[in-house]
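Right, one structure below, let's go through it.
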Amino acid sequence: MTDLTGKKVAIIATDHFEEAELVQPRDALRAAGAEVSIYSSDSDPIQAVEGDTEKTQLIEVDGTFDDLDVATVDAVVVPGGTVNADTIRTEEKAQAIVRAADEAGKPLAVICHGPWLLVSAGLAKGRRLTSYASLADDVRNAGGDWVDEEVVVDGNLITSRTPDDLPAFIKALEDSLT
């Protein structure tokens, strides 16, 4: 098992995130010893969904986007979920967070519809990445090289397509932190 003791990871999400894409990385990273905190647009618990439509559980957040100082974390994770991704991509503070992580060369792990945030933040151009298939045109139109692979690592950027890819996504994230 990977030992991530002393590593700090921030997960950023809003309501209607895909449950598995937040919970599984959070739990795996914590099991490996990392400190994982969740940030959102406000301090209210955020709603998880399965398959975009079925509400599951509420997840407590540790702070707001304003509270997150990227300099204090080792990686940033962005789960998908169509509604979450469509909402978070318009959040200037969320865009600033992923830009800061990218500029610092910190692992930036984004899955499913999450790459919409990369597109809106101007981070897709010139990058090789994957996402949920319906985002392929958005990524290409933003200057990215979209590929259909379970996990794509392009420098510090880690992307995957769907919850089915979570084992490879989590492994790539863990590997980037060691």
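Following the order of the structure tokens, chains are lettered A, B, ..., residues in each are numbered from 1, and ligands are numbered from 1.
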
**Request:** Write out as a list in words each polymer residue whose atoms come within 8 Å of A:Arg89, counting only C-alpha atoms; drop sequence neighbours fewer than 3 positions from it.
**Result:**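 In the requested format, the answer is Ala85, Asp86, Glu92, Ala94, Gln95, Trp116, Leu117, Leu118, Ser120 and Ala121 of chain A.
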
From the DSSP assignment of the backbone, select every residue of stretch 30-115 of chain A that is alpha helix (DSSP H), and format the answer as a compact mmCIF listing (two decimals) with N, CA and C atoms, in the first residue's frame.
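Contents of the output file states_3.txt:
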```txt
# COMPACT_ATOMS: atom_id res chain seq x y z
N ARG A 30 -7.19 8.77 2.23
CA ARG A 30 -7.16 8.75 3.69
C ARG A 30 -6.61 7.42 4.20
N ALA A 31 -7.00 6.32 3.58
CA ALA A 31 -6.51 5.00 3.98
C ALA A 31 -4.99 4.91 3.80
N THR A 82 -22.55 15.85 -13.84
CA THR A 82 -22.85 16.88 -14.84
C THR A 82 -23.22 18.22 -14.21
N VAL A 83 -24.10 18.21 -13.22
CA VAL A 83 -24.54 19.47 -12.60
C VAL A 83 -23.41 20.12 -11.83
N ASN A 84 -22.67 19.33 -11.03
CA ASN A 84 -21.52 19.86 -10.31
C ASN A 84 -20.54 20.50 -11.29
N ALA A 85 -20.19 19.78 -12.34
CA ALA A 85 -19.20 20.27 -13.30
C ALA A 85 -19.67 21.53 -14.01
N ASP A 86 -20.95 21.58 -14.37
CA ASP A 86 -21.48 22.75 -15.05
C ASP A 86 -21.53 23.96 -14.12
N THR A 87 -21.73 23.71 -12.83
CA THR A 87 -21.76 24.79 -11.84
C THR A 87 -20.35 25.27 -11.51
N ILE A 88 -19.47 24.34 -11.19
CA ILE A 88 -18.13 24.70 -10.72
C ILE A 88 -17.31 25.40 -11.81
N GLU A 92 -15.45 31.54 -10.44
CA GLU A 92 -14.12 32.15 -10.63
C GLU A 92 -13.11 31.62 -9.62
N LYS A 93 -13.56 31.43 -8.39
CA LYS A 93 -12.63 30.95 -7.34
C LYS A 93 -12.17 29.54 -7.63
N ALA A 94 -13.05 28.68 -8.15
CA ALA A 94 -12.66 27.32 -8.51
C ALA A 94 -11.67 27.35 -9.68
N GLN A 95 -11.92 28.24 -10.64
CA GLN A 95 -10.99 28.39 -11.76
C GLN A 95 -9.61 28.82 -11.25
N ALA A 96 -9.60 29.74 -10.29
CA ALA A 96 -8.33 30.22 -9.73
C ALA A 96 -7.60 29.08 -8.99
N ILE A 97 -8.35 28.22 -8.32
CA ILE A 97 -7.74 27.10 -7.59
C ILE A 97 -7.03 26.16 -8.56
N VAL A 98 -7.71 25.75 -9.64
CA VAL A 98 -7.07 24.81 -10.56
C VAL A 98 -5.92 25.47 -11.33
N ARG A 99 -6.04 26.75 -11.62
CA ARG A 99 -4.93 27.46 -12.26
C ARG A 99 -3.71 27.48 -11.34
N ALA A 100 -3.94 27.79 -10.06
CA ALA A 100 -2.84 27.85 -9.09
C ALA A 100 -2.18 26.49 -8.93
N ALA A 101 -2.98 25.42 -8.86
CA ALA A 101 -2.41 24.08 -8.75
C ALA A 101 -1.57 23.75 -9.98
N ASP A 102 -2.10 24.09 -11.16
CA ASP A 102 -1.37 23.80 -12.39
C ASP A 102 -0.09 24.61 -12.48
N GLU A 103 -0.16 25.90 -12.16
CA GLU A 103 1.03 26.75 -12.21
C GLU A 103 2.11 26.27 -11.26
N PRO A 115 -13.46 17.96 -16.35
CA PRO A 115 -12.64 18.75 -17.26
C PRO A 115 -13.31 20.00 -17.83
```

**Request:** Identify all residues of stretch 24-127 of chain A in strand (DSSP E or B) (DSSP on the backbone) and supply them as a list in words.
**Result:**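 Matching residues, listed in order: Glu35, Val36, Ser37, Ile38, Tyr39, Ser40, Ile46, Gln47, Ala48, Val49, Glu50, Glu54, Lys55, Thr56, Gln57, Leu58, Ile59, Gly63, Thr64, Ala75, Val76, Val77, Val78, Leu108, Ala109, Val110 and Ile111 of chain A.
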
Now that the selection is made, can you save its residues with N, CA and C atoms as a PDB file, in the first residue's frame?
```
ATOM      1  N   GLU A  35      -4.098  13.529   4.396  1.00  0.00           N
ATOM      2  CA  GLU A  35      -5.138  14.383   4.969  1.00  0.00           C
ATOM      3  C   GLU A  35      -5.932  14.958   3.798  1.00  0.00           C
ATOM      4  N   VAL A  36      -7.217  14.653   3.759  1.00  0.00           N
ATOM      5  CA  VAL A  36      -8.053  15.081   2.637  1.00  0.00           C
ATOM      6  C   VAL A  36      -9.142  16.018   3.146  1.00  0.00           C
ATOM      7  N   SER A  37      -9.241  17.183   2.519  1.00  0.00           N
ATOM      8  CA  SER A  37     -10.258  18.169   2.889  1.00  0.00           C
ATOM      9  C   SER A  37     -11.113  18.485   1.668  1.00  0.00           C
ATOM     10  N   ILE A  38     -12.376  18.793   1.937  1.00  0.00           N
ATOM     11  CA  ILE A  38     -13.334  19.078   0.866  1.00  0.00           C
ATOM     12  C   ILE A  38     -13.744  20.540   0.950  1.00  0.00           C
ATOM     13  N   TYR A  39     -13.720  21.205  -0.197  1.00  0.00           N
ATOM     14  CA  TYR A  39     -14.057  22.622  -0.283  1.00  0.00           C
ATOM     15  C   TYR A  39     -15.169  22.817  -1.311  1.00  0.00           C
ATOM     16  N   SER A  40     -16.038  23.792  -1.019  1.00  0.00           N
ATOM     17  CA  SER A  40     -17.144  24.098  -1.920  1.00  0.00           C
ATOM     18  C   SER A  40     -17.383  25.607  -1.955  1.00  0.00           C
ATOM     19  N   ILE A  46     -22.723  19.307   0.832  1.00  0.00           N
ATOM     20  CA  ILE A  46     -23.009  19.206  -0.593  1.00  0.00           C
ATOM     21  C   ILE A  46     -23.666  17.864  -0.908  1.00  0.00           C
ATOM     22  N   GLN A  47     -24.565  17.908  -1.872  1.00  0.00           N
ATOM     23  CA  GLN A  47     -25.379  16.756  -2.246  1.00  0.00           C
ATOM     24  C   GLN A  47     -24.652  15.860  -3.240  1.00  0.00           C
ATOM     25  N   ALA A  48     -24.539  14.585  -2.893  1.00  0.00           N
ATOM     26  CA  ALA A  48     -23.995  13.586  -3.804  1.00  0.00           C
ATOM     27  C   ALA A  48     -25.128  13.002  -4.636  1.00  0.00           C
ATOM     28  N   VAL A  49     -24.777  12.559  -5.843  1.00  0.00           N
ATOM     29  CA  VAL A  49     -25.734  11.866  -6.699  1.00  0.00           C
ATOM     30  C   VAL A  49     -25.060  10.640  -7.297  1.00  0.00           C
ATOM     31  N   GLU A  50     -25.888   9.749  -7.776  1.00  0.00           N
ATOM     32  CA  GLU A  50     -25.400   8.602  -8.534  1.00  0.00           C
ATOM     33  C   GLU A  50     -26.071   8.659  -9.895  1.00  0.00           C
ATOM     34  N   GLU A  54     -29.949  10.466  -9.212  1.00  0.00           N
ATOM     35  CA  GLU A  54     -30.408   9.905  -7.950  1.00  0.00           C
ATOM     36  C   GLU A  54     -29.601  10.456  -6.781  1.00  0.00           C
ATOM     37  N   LYS A  55     -30.268  11.243  -5.922  1.00  0.00           N
ATOM     38  CA  LYS A  55     -29.598  11.807  -4.751  1.00  0.00           C
ATOM     39  C   LYS A  55     -29.219  10.682  -3.804  1.00  0.00           C
ATOM     40  N   THR A  56     -28.020  10.771  -3.243  1.00  0.00           N
ATOM     41  CA  THR A  56     -27.569   9.759  -2.296  1.00  0.00           C
ATOM     42  C   THR A  56     -27.356  10.397  -0.931  1.00  0.00           C
ATOM     43  N   GLN A  57     -26.150  10.840  -0.633  1.00  0.00           N
ATOM     44  CA  GLN A  57     -25.856  11.373   0.694  1.00  0.00           C
ATOM     45  C   GLN A  57     -25.392  12.822   0.631  1.00  0.00           C
ATOM     46  N   LEU A  58     -25.472  13.473   1.775  1.00  0.00           N
ATOM     47  CA  LEU A  58     -24.878  14.803   1.922  1.00  0.00           C
ATOM     48  C   LEU A  58     -23.470  14.622   2.482  1.00  0.00           C
ATOM     49  N   ILE A  59     -22.535  15.390   1.970  1.00  0.00           N
ATOM     50  CA  ILE A  59     -21.146  15.336   2.415  1.00  0.00           C
ATOM     51  C   ILE A  59     -20.804  16.674   3.068  1.00  0.00           C
ATOM     52  N   GLY A  63     -14.428  23.575   4.236  1.00  0.00           N
ATOM     53  CA  GLY A  63     -14.255  25.000   4.032  1.00  0.00           C
ATOM     54  C   GLY A  63     -14.789  25.405   2.668  1.00  0.00           C
ATOM     55  N   THR A  64     -14.679  26.697   2.415  1.00  0.00           N
ATOM     56  CA  THR A  64     -15.127  27.240   1.134  1.00  0.00           C
ATOM     57  C   THR A  64     -13.929  27.413   0.202  1.00  0.00           C
ATOM     58  N   ALA A  75      -2.043  18.351  -3.686  1.00  0.00           N
ATOM     59  CA  ALA A  75      -2.794  17.990  -4.894  1.00  0.00           C
ATOM     60  C   ALA A  75      -4.211  18.528  -4.788  1.00  0.00           C
ATOM     61  N   VAL A  76      -4.851  18.666  -5.947  1.00  0.00           N
ATOM     62  CA  VAL A  76      -6.254  19.075  -6.020  1.00  0.00           C
ATOM     63  C   VAL A  76      -6.996  18.051  -6.871  1.00  0.00           C
ATOM     64  N   VAL A  77      -8.179  17.630  -6.384  1.00  0.00           N
ATOM     65  CA  VAL A  77      -9.021  16.657  -7.079  1.00  0.00           C
ATOM     66  C   VAL A  77     -10.354  17.318  -7.422  1.00  0.00           C
ATOM     67  N   VAL A  78     -10.824  17.072  -8.641  1.00  0.00           N
ATOM     68  CA  VAL A  78     -12.115  17.602  -9.096  1.00  0.00           C
ATOM     69  C   VAL A  78     -12.972  16.433  -9.570  1.00  0.00           C
ATOM     70  N   LEU A 108      -3.110  17.575 -10.385  1.00  0.00           N
ATOM     71  CA  LEU A 108      -4.459  18.078 -10.592  1.00  0.00           C
ATOM     72  C   LEU A 108      -5.232  16.927 -11.226  1.00  0.00           C
ATOM     73  N   ALA A 109      -6.047  16.255 -10.406  1.00  0.00           N
ATOM     74  CA  ALA A 109      -6.739  15.041 -10.831  1.00  0.00           C
ATOM     75  C   ALA A 109      -8.210  15.357 -11.077  1.00  0.00           C
ATOM     76  N   VAL A 110      -8.658  15.164 -12.314  1.00  0.00           N
ATOM     77  CA  VAL A 110      -9.987  15.600 -12.737  1.00  0.00           C
ATOM     78  C   VAL A 110     -10.658  14.456 -13.493  1.00  0.00           C
ATOM     79  N   ILE A 111     -11.900  14.151 -13.125  1.00  0.00           N
ATOM     80  CA  ILE A 111     -12.568  12.991 -13.709  1.00  0.00           C
ATOM     81  C   ILE A 111     -13.953  13.336 -14.270  1.00  0.00           C
TER      82      ILE A 111
END
```

**Nearest-residue call for A:Ile11, choices A:Leu123, A:Ala32, A:Leu68, A:Val153, using only C-alpha atoms** =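 The closest residue to A:Ile11 is A:Leu68.
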
**Request:** Calculate how many Å separate atom CA of A:Glu19 from atom CA of A:Ile170, rounding to one decimal.
**Result:** 14.6 Å

**Message:** What's the separation between atom CA of A:Leu4 and atom CA of A:Gly155, in Å to one decimal place?
**Reply:**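 If I compute the distance from atom CA of A:Leu4 to atom CA of A:Gly155, I get 19.8 Å.
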
**Fill in**
A:Leu29 proximity check over A:Val9, A:Lys125, A:Asp44, A:Gly80, using only C-alpha atoms: winner is A:Val9
